[in-house]
file model.txt (compact mmCIF, C-alpha atoms and all ligand atoms)
# COMPACT_ATOMS: atom_id res chain seq x y z
CA MET R 1 4.49 2.14 17.57
CA SER R 2 5.73 0.55 14.43
CA MET R 3 4.70 2.64 11.44
CA PHE R 4 3.69 1.66 7.95
CA ASP R 5 1.61 2.98 5.05
CA TRP R 6 -1.74 1.85 3.67
CA TYR R 7 -2.12 0.81 0.04
CA LYS R 8 -5.33 0.88 -1.99
CA PHE R 9 -5.74 -0.98 -5.24
CA THR R 10 -8.00 0.39 -7.94
CA GLU R 11 -9.59 -3.03 -7.93
CA ASN R 12 -9.01 -5.22 -4.87
CA PRO R 13 -6.87 -8.26 -5.70
CA ARG R 14 -8.07 -11.71 -4.70
CA CYS R 15 -6.13 -14.40 -2.87
CA PRO R 16 -4.37 -16.43 -5.60
CA LYS R 17 -5.23 -19.67 -3.74
CA CYS R 18 -8.89 -19.28 -2.83
CA GLY R 19 -10.20 -16.03 -4.29
CA THR R 20 -10.88 -14.17 -1.03
CA GLU R 21 -11.03 -10.43 -1.66
CA LEU R 22 -8.02 -8.62 -0.20
CA LYS R 23 -9.05 -5.11 0.81
CA GLU R 24 -6.51 -4.02 3.39
CA TRP R 25 -2.86 -3.74 2.41
CA GLN R 26 0.07 -2.39 4.38
CA GLY R 27 3.73 -1.92 3.65
CA LYS R 28 6.93 -0.67 5.21
CA ASP R 29 8.97 0.19 2.13
CA GLY R 30 7.46 3.66 1.64
CA PRO R 31 7.80 6.67 3.97
CA CYS R 32 5.93 4.75 6.75
CA ALA R 33 3.92 7.70 7.98
CA LEU R 34 0.45 6.13 7.83
CA PHE R 35 0.03 7.54 4.35
CA VAL R 36 -2.63 6.12 2.07
CA TRP R 37 -1.23 5.31 -1.37
CA GLU R 38 -3.56 4.60 -4.26
CA GLN R 39 -2.66 2.58 -7.32
CA GLY R 40 -2.23 4.93 -10.28
CA LYS R 41 -1.29 7.99 -8.22
CA SER R 42 2.24 9.25 -7.66
CA ASN R 43 1.70 10.83 -4.22
CA PRO R 44 -0.19 9.81 -1.08
CA ILE R 45 -3.91 10.61 -1.23
CA SER R 46 -4.26 11.06 2.53
CA GLN R 47 -2.79 10.28 5.92
CA GLU R 48 -4.58 8.19 8.53
CA ILE R 49 -3.69 10.32 11.53
CA GLU R 50 -6.30 11.96 13.73
CA ASP R 51 -4.04 14.54 15.29
CA ASP R 52 -4.11 17.68 13.09
CA GLU R 53 -0.86 18.96 14.54
CA ILE R 54 1.29 16.13 13.26
CA ARG R 55 -0.53 15.43 10.01
CA TRP R 56 1.09 16.62 6.75
CA SER R 57 -0.99 19.07 4.72
CA ASP R 58 -2.36 18.07 1.32
CA GLU R 59 0.30 20.30 -0.22
CA ASP R 60 3.08 18.56 1.72
CA LEU R 61 1.86 15.15 0.56
CA GLN R 62 3.00 16.06 -2.96
CA ARG R 63 6.60 15.82 -1.76
CA PHE R 64 6.39 12.10 -1.03
CA PHE R 65 6.93 9.28 -3.50
CA LEU R 66 7.17 5.50 -3.47
CA PRO R 67 10.35 3.57 -4.28
CA ASP R 68 10.52 1.98 -7.75
CA SER R 69 9.72 -1.38 -6.26
CA PHE R 70 8.19 -2.20 -2.88
CA THR R 71 6.50 -5.01 -1.01
CA ILE R 72 3.08 -4.91 0.63
CA TYR R 73 1.10 -7.47 2.58
CA SER R 74 -2.47 -8.31 3.48
CA TYR R 75 -4.01 -10.45 6.22
CA ASP R 76 -7.49 -10.49 4.73
CA CYS R 77 -7.37 -14.17 3.80
CA GLU R 78 -7.39 -16.09 7.08
CA LYS R 79 -6.22 -19.30 5.42
CA HIS R 80 -3.33 -17.97 3.38
CA GLN R 81 -2.13 -14.88 5.20
CA PRO R 82 0.14 -13.14 5.01
CA ILE R 83 -0.43 -12.50 1.32
CA ILE R 84 2.61 -10.65 -0.02
CA ALA R 85 2.73 -8.67 -3.24
CA GLU R 86 5.64 -7.00 -4.94
CA CYS R 87 4.65 -3.72 -6.55
CA LYS R 88 6.36 -1.64 -9.20
CA CYS R 89 6.26 2.03 -10.07
CA ILE R 90 6.53 3.25 -13.62
CA ASP R 91 7.70 6.86 -13.86
CA GLY R 92 7.05 7.21 -10.15
CA VAL R 93 3.48 5.93 -10.30
CA TRP R 94 2.45 2.68 -8.63
CA LEU R 95 0.94 0.52 -11.37
CA ASP R 96 1.97 -3.13 -11.38
CA PHE R 97 1.97 -5.87 -8.78
CA LYS R 98 2.58 -9.60 -8.57
CA PHE R 99 2.04 -12.05 -5.76
CA ILE R 100 5.18 -13.46 -4.15
CA GLN R 101 3.36 -15.33 -1.39
CA PRO R 102 1.53 -17.65 -1.61
CA GLU R 103 3.07 -18.80 -4.89
ZN ZN H 1 -6.74 -17.63 0.44
call {"tool": "encode", "arguments": {"input": "model.txt", "output": "structure tokens"}}
result
Amino acid sequence: MSMFDWYKFTENPRCPKCGTELKEWQGKDGPCALFVWEQGKSNPISQEIEDDEIRWSDEDLQRFFLPDSFTIYSYDCEKHQPIIAECKCIDGVWLDFKFIQPE
């Protein structure tokens, strides 16, 4: 299975072309362990794995960080997917993003 992480915005962005709300975001530039990253936090907030034996503990999650810049994508707009956003960390915390597709 190809792994990725989930990304949650504080406020869901909207498709720059038509305004459709984009709720689900994934990316492969982070640790790719099905972590859930939340905008404004420096470490994963959870891990979407059902098996307790392979899931990292809450304590272990504090050891993971995002790269300074990373790309995520969403398929929530049927017309304009994939929507791609480039995100930036400031002092290790995911804060900014800008759309790179569609332009
Ligand atoms: Zn759209």
call {"tool": "residues_near_ligand", "arguments": {"input": "model.txt", "ligand": "ligand ZN 1 (chain H)", "cutoff": "7 Å", "atoms": "all atoms listed in the file", "output": "VMD selection string"}}
result
chain R and resid 15 to 20 77 to 80
call {"tool": "residues_around", "arguments": {"input": "model.txt", "residues": "Gln81 of chain R", "least_positions_apart": "6", "cutoff": "10 Å", "atoms": "all atoms listed in the file", "output": "PyMOL selection string"}}
result
chain R and resi 15+73-75+101-102
call {"tool": "atom_distance", "arguments": {"input": "model.txt", "atom1": "atom CA of Glu11 of chain R", "atom2": "atom CA of Ile49 of chain R"}}
result
24.3 Å
call {"tool": "closest_residue", "arguments": {"input": "model.txt", "among": "R:Lys23, R:Ser42, R:Cys32, R:Trp94", "to": "Phe4 of chain R", "atoms": "all atoms listed in the file"}}
result
R:Cys32
call {"tool": "atom_distance", "arguments": {"input": "model.txt", "atom1": "atom CA of Phe64 of chain R", "atom2": "atom CA of Asp91 of chain R"}}
result
13.9 Å
call {"tool": "closest_residue", "arguments": {"input": "model.txt", "among": "R:Glu21, R:Glu38, R:Glu103, R:Glu48", "to": "Lys8 of chain R", "atoms": "only C-alpha atoms"}}
result
R:Glu38
call {"tool": "closest_residue", "arguments": {"input": "model.txt", "among": "R:Cys87, R:Arg63, R:Asp29, R:Leu34", "to": "Trp6 of chain R", "atoms": "only C-alpha atoms"}}
result
R:Leu34
call {"tool": "atom_distance", "arguments": {"input": "model.txt", "atom1": "atom CA of Leu95 of chain R", "atom2": "atom CA of Glu50 of chain R"}}
result
28.5 Å
call {"tool": "closest_residue", "arguments": {"input": "model.txt", "among": "R:Pro13, R:Gly27, R:Pro44, R:Pro67", "to": "Gly92 of chain R", "atoms": "all atoms listed in the file"}}
result
R:Pro67
